[in-house]
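Visitor: Questions regarding the structure given below will be posed in turn.
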Amino acid sequence: MAQQHLDPTDPMAESACGDALAGYLRAQATEFLRALRLHRENGGDGGAPARTRARAGDNGSQESVDAARALRRSARRISASLHTFRPLLDTDWSEAIRPELAWLSGTLAMEHAYAARLERLLLALHRLSGAAVLPAQTGVLGGAGDPSDGSRTAGVTAGAQKAAAGDTGPPAHPAATVERGNLTVGAAKAGALLERQLTLARTRAHSSALQALGSSRFHAVADNIAVLASEVPLTPAAATADLRPLAGAAEERLTDAVAALPLVTAGNPYNAEALIHGLSPDPAPHPQDAPWHQVRLLLRLHRYAREVLHGDSAPVDVGLLAAGQALNRHRDASEAAAAAAQAARTPRIAPATAYALGVLHADQRHEVEAARFAFQQSWQMQTVGTPQRP
């Protein structure tokens, strides 16, 4: 099912050596430093005085949001390239900086993750109940994600978008109307509870991000990236090494991980059998989700390896793009379902509130199954017609 990299008709078969890797890493390091400068100039630096941040105003705040997103984008690509092509890089240096880049990108992503999760859940509550819910807050540090980059989006479904626009669809069946009435009773309180919990988490994530950007740990990362912008620590053999086998290995890991997924049970968009397991009262993340999250990370590594090989001329692979978007929706829905379940375990909440949160949790688990089905369809489109390995 995977592409044959050594096939001369494959665009990835074009020769690429260590110079291509060095150029890519220098370019990403330069983007990182440029984003860091913009972030500091617009009051986003955790070490900047409060009055300096206040003078930045709304325009500065948005530019700081964009800069933080660019920081995450570059950090992810540098870290992924160090992982995929690690045999060609100085081992001690790359193994020391990779965890730091992962810490940085994860820290910067959390505030936007909480804000997007809240928006997703509130819109879903409105779609399910027709009740007014609290509006999601905007202007997060992480900014809106870039779907083509695999970063987190608000994850708003088509139904939620219609609900936000006031389109609640045709009149429901009388029995469904009764159920919706019961849901409406607790929807407002459920929305308020989610808003309190996720806004608090978002505020803490914002503080953590600002502290991280002002810490000595971050400055050490920035210093390493500054060195990388001018000098890439390649091994002596990297100058003549072919990058294609390492990029091919990244694709093979992705293909193997996809082959291990239960795609047969994802054969329809709302898989009842999987949904039953997904509604388990166990507060831990559902074990079914973990392999899909791993595939999402491996798909990102594969995409970035293609960028290294092709540079700015990397061909747009519609199948990979659609598969990545489906896995992003899977991740968002899975985490939103967990947040709804966590809120439902809040002590002494009213039965109607718990009921609304339970319906919301089930709705998001349905979205998980729909995303798995969408990934299956995208992956099949991606692999149709590609040559088989001998």
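Please note that chains go A, B, ... in the order of the structure tokens, that every chain numbers its residues from 1, and that ligands are numbered from 1 in the order shown.
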Would you list, as number ranges by chain, the residues of region 190-331 of chain A that end up in alpha helix (DSSP H) under DSSP run on this structure's backbone?
Guide: A: 190-213, 216-228, 244-259, 272-278, 289-310, 318-331
Visitor: For region 242-248 of chain A, work out the shell of residues within 6 Å, counting only C-alpha atoms and skipping chain neighbours fewer than 4 positions away, then give it as a list in words.
Guide: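 Here the answer would be Ala16, Cys17 and Ala305 of chain A.
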Visitor: Check the smallest atom-to-atom distance from each of A:Thr199, A:Gln380, A:Ser74, A:Ser64 to Ala229 (chain A) using only C-alpha atoms, then report the winner.
Guide: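 The shortest atom-to-atom distance to Ala229 (chain A) comes from A:Ser74.
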Visitor: Find the spatial neighbours of region 94-98 of chain A, counting only C-alpha atoms, within a cut-off of 12 Å - ignore same-chain residues fewer than 6 positions away - and output them as a PyMOL selection string.
Guide: chain A and resi 25+75-88+104-105+217-218+220-225+228+232-235
Visitor: Work out how far CA of Arg331 (chain A) is from CA of Thr107 (chain A), in Å to one decimal.
Guide: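 CA of Thr107 (chain A) sits 17.3 Å away from CA of Arg331 (chain A).
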Visitor: A:Ser207, A:Thr30, A:Gln62, A:Ser216: which is nearest Glu100 (chain A), counting only C-alpha atoms?
Guide: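 Closest candidate: A:Ser216.
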Visitor: Between CA of Asp289 (chain A) and CA of Ser334 (chain A), what distance in Å does the model show, to one decimal?
Guide: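 Taking CA of Asp289 (chain A) as the start and CA of Ser334 (chain A) as the end point, the length is 7.4 Å.
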Visitor: As an exercise, work out the distance from CA of Val316 (chain A) to CA of Val368 (chain A) in Å and give it to one decimal place.
Guide: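 The value is 26.1 Å.
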Visitor: Which one is closest to Leu36 (chain A): A:Leu121, A:Leu108, A:Leu213, A:Ile349? Count only C-alpha atoms.
Guide: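 Ranking A:Leu121, A:Leu108, A:Leu213, A:Ile349 by distance to Leu36 (chain A), first place goes to A:Leu213.
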Visitor: Considering only C-alpha atoms, give me a table of residues in region 13-123 of chain A that are at most 12 Å from region 357-366 of chain A, with the closest atom pair and distance in Å for each, as JSON lines.
Guide:
{"residue": "A:Arg117", "atom": "CA", "partner": "A:Gln364", "partner_atom": "CA", "distance": 11.1}
{"residue": "A:Arg120", "atom": "CA", "partner": "A:Gln364", "partner_atom": "CA", "distance": 9.5}
{"residue": "A:Leu121", "atom": "CA", "partner": "A:Leu360", "partner_atom": "CA", "distance": 7.5}
{"residue": "A:Leu122", "atom": "CA", "partner": "A:Leu360", "partner_atom": "CA", "distance": 9.4}
{"residue": "A:Leu123", "atom": "CA", "partner": "A:Leu360", "partner_atom": "CA", "distance": 10.4}
